[in-house]
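Engineer: Here it is, the structure in full.
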Amino acid sequence: MNARRNTPFLSLEGLKLLIVEDEPAVAFLVEDMLQDLGCTAVWHASTVKEALDILREHKPDVAVLDVNLRDELAYPVAEKLDAMEIPFIFATGYGRKGIPADWLIKPVVQKPFDAETLRDALNIVLSRREQADGLERAKRDAKDRERM
């Protein structure tokens with residue numbers, strides 16, 4: 001993924017994240033990056049089942065999904081995150097070519113990546129969520145004004 005410098009920087013301070021990654025060393029490296037960026041809670045899952053179990057108990061602000069989790073793909077987790085309106089990025093060694101066309105709207109970072117690349121990708125999805133939230137507020141405000 002190329003960094004998009006025109007995306008406004010949003011702080012990751014205080015955010016809660018879900019990392020779905022089957023390689024423990026990679027998961028801990030990403031967790032360290034996220035904590036350095038200010039995230040306060042990071043939940044780990046190495047399988048689809050573990051991720052879905054975490055999502056029943058917690059609502060992260062954003063998630064990082066490895067696509068290939070040993071013998072399974074992470075798309076059921078992506079579907080659940082979409083249903084819960086939780087933004088996420090894909091992290092994969094295959095880059096964008098390893099993602100089905102239906103999911104290419106989501107940012108993809110190619111492993112290995114650094115903290116700046118991770119931050120930029122998370123900022124993209126968080127900016128989109130902030131824009132969508134702002135649009136919803138504007139629609140509600142317009143409807144409220146129409147009722148007056």
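Here's how to read the names in the structure tokens: chain A, B, ... by the order shown, residue numbers from 1 in each chain, ligand numbers from 1 in the order shown.
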Contacts of segment 92-98 of chain A at 12 Å or less, counting only C-alpha atoms, minus same-chain residues fewer than 4 places along, as a PyMOL selection string?
Structural biologist: chain A and resi 1-2+20-23+26+64-69+73-74+102-113
Engineer: Take the residues from that selection and write them out as a PDB file, in the first residue's frame, keeping C-alpha atoms.
Structural biologist:
```pdb
ATOM      1  CA  MET A   1       0.000   0.000   0.000  1.00  0.00           C
ATOM      2  CA  ASN A   2       1.270   3.438  -0.806  1.00  0.00           C
ATOM      3  CA  VAL A  20      -6.188 -11.584  13.652  1.00  0.00           C
ATOM      4  CA  GLU A  21      -2.819 -13.179  12.898  1.00  0.00           C
ATOM      5  CA  ASP A  22      -1.722 -16.815  13.122  1.00  0.00           C
ATOM      6  CA  GLU A  23       2.020 -16.123  13.489  1.00  0.00           C
ATOM      7  CA  VAL A  26       4.050 -11.103  13.797  1.00  0.00           C
ATOM      8  CA  VAL A  64      -5.984  -5.795  11.413  1.00  0.00           C
ATOM      9  CA  LEU A  65      -6.670  -9.075   9.585  1.00  0.00           C
ATOM     10  CA  ASP A  66      -4.149 -11.494   8.163  1.00  0.00           C
ATOM     11  CA  VAL A  67      -5.916 -13.160   5.238  1.00  0.00           C
ATOM     12  CA  ASN A  68      -4.438 -16.660   5.498  1.00  0.00           C
ATOM     13  CA  LEU A  69      -4.745 -18.225   8.920  1.00  0.00           C
ATOM     14  CA  LEU A  73      -9.240 -17.627   5.380  1.00  0.00           C
ATOM     15  CA  ALA A  74     -10.208 -14.627   7.516  1.00  0.00           C
ATOM     16  CA  ASP A 102     -15.177  -7.889  -3.387  1.00  0.00           C
ATOM     17  CA  TRP A 103     -12.797  -6.907  -0.576  1.00  0.00           C
ATOM     18  CA  LEU A 104     -10.460  -4.568  -2.465  1.00  0.00           C
ATOM     19  CA  ILE A 105     -12.304  -1.519  -1.111  1.00  0.00           C
ATOM     20  CA  LYS A 106     -10.481  -2.187   2.162  1.00  0.00           C
ATOM     21  CA  PRO A 107      -6.895  -1.050   2.606  1.00  0.00           C
ATOM     22  CA  VAL A 108      -4.294  -3.779   2.215  1.00  0.00           C
ATOM     23  CA  VAL A 109      -0.805  -3.644   3.661  1.00  0.00           C
ATOM     24  CA  GLN A 110       1.765  -6.068   2.366  1.00  0.00           C
ATOM     25  CA  LYS A 111       3.936  -7.866   4.887  1.00  0.00           C
ATOM     26  CA  PRO A 112       6.447  -6.986   6.038  1.00  0.00           C
ATOM     27  CA  PHE A 113       5.325  -3.458   6.896  1.00  0.00           C
TER      28      PHE A 113
END
```
Engineer: List as number ranges by chain the protein and nucleic acid residues near segment 49-55 of chain A, meaning an atom at most 10 Å away when only C-alpha atoms are counted, but skip any in the same chain fewer than 5 places from it.
Structural biologist: A: 18-21, 43-44, 60, 65, 74, 76-78, 80-81, 84
Engineer: Would you output that residue set with N, CA and C atoms, as a tab-separated table (two decimals), in the first residue's frame?
Structural biologist:
```tsv
chain	number	residue	atom	x	y	z
A	18	LEU	N	-8.28	-5.22	17.35
A	18	LEU	CA	-8.25	-6.66	17.23
A	18	LEU	C	-7.22	-7.00	16.16
A	19	ILE	N	-6.28	-7.88	16.50
A	19	ILE	CA	-5.32	-8.41	15.53
A	19	ILE	C	-5.67	-9.86	15.29
A	20	VAL	N	-5.94	-10.19	14.02
A	20	VAL	CA	-6.19	-11.58	13.65
A	20	VAL	C	-4.97	-12.02	12.84
A	21	GLU	N	-4.11	-12.79	13.47
A	21	GLU	CA	-2.82	-13.18	12.90
A	21	GLU	C	-2.40	-14.52	13.49
A	43	TRP	N	-6.50	-7.02	21.30
A	43	TRP	CA	-6.90	-8.41	21.44
A	43	TRP	C	-6.31	-9.21	20.28
A	44	HIS	N	-5.83	-10.43	20.59
A	44	HIS	CA	-5.23	-11.29	19.57
A	44	HIS	C	-6.14	-12.47	19.29
A	60	PRO	N	-13.94	-3.82	19.22
A	60	PRO	CA	-12.75	-2.99	18.96
A	60	PRO	C	-13.11	-1.79	18.11
A	65	LEU	N	-6.43	-7.67	9.92
A	65	LEU	CA	-6.67	-9.07	9.58
A	65	LEU	C	-5.61	-9.63	8.65
A	74	ALA	N	-9.63	-15.52	6.50
A	74	ALA	CA	-10.21	-14.63	7.52
A	74	ALA	C	-11.48	-13.91	7.05
A	76	PRO	N	-14.69	-14.70	6.95
A	76	PRO	CA	-15.84	-14.66	7.88
A	76	PRO	C	-15.68	-13.59	8.97
A	77	VAL	N	-14.45	-13.34	9.39
A	77	VAL	CA	-14.20	-12.28	10.37
A	77	VAL	C	-14.46	-10.93	9.72
A	78	ALA	N	-13.99	-10.76	8.48
A	78	ALA	CA	-14.23	-9.51	7.75
A	78	ALA	C	-15.73	-9.25	7.62
A	80	LYS	N	-18.11	-10.28	9.61
A	80	LYS	CA	-18.64	-9.92	10.94
A	80	LYS	C	-18.27	-8.48	11.29
A	81	LEU	N	-17.02	-8.10	11.01
A	81	LEU	CA	-16.60	-6.73	11.28
A	81	LEU	C	-17.43	-5.74	10.47
A	84	MET	N	-20.77	-5.36	12.02
A	84	MET	CA	-20.69	-4.59	13.27
A	84	MET	C	-20.23	-3.15	13.02
```
Engineer: Have a look at atom CA of Ala45 of chain A and atom CA of Gly14 of chain A and let me know their distance in Å, one decimal.
Structural biologist: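 So the answer is 20.2 Å.
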Engineer: Which value, in Å to one decimal, gives the distance between atom CA of Ala83 of chain A and atom CA of Leu17 of chain A?
Structural biologist: 16.6 Å
Engineer: I'd like the interatomic distance between atom CA of Ile99 of chain A and atom CA of Leu122 of chain A, to a tenth of an Å.
Structural biologist: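 We find that atom CA of Ile99 of chain A and atom CA of Leu122 of chain A lie 17.6 Å from each other.
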Engineer: Smallest atom-to-atom distance to Phe28 of chain A: which of A:Leu15, A:Val42, A:Val62, A:Val48, using only C-alpha atoms?
Structural biologist: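 Looking only at the distances to Phe28 of chain A, the closest residue turns out to be A:Val42.
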Engineer: Looking at A:Ala101, A:Val125, A:Leu34, A:Ala115, which one is nearest to Pro87 of chain A, with distances taken over only C-alpha atoms?
Structural biologist: A:Val125
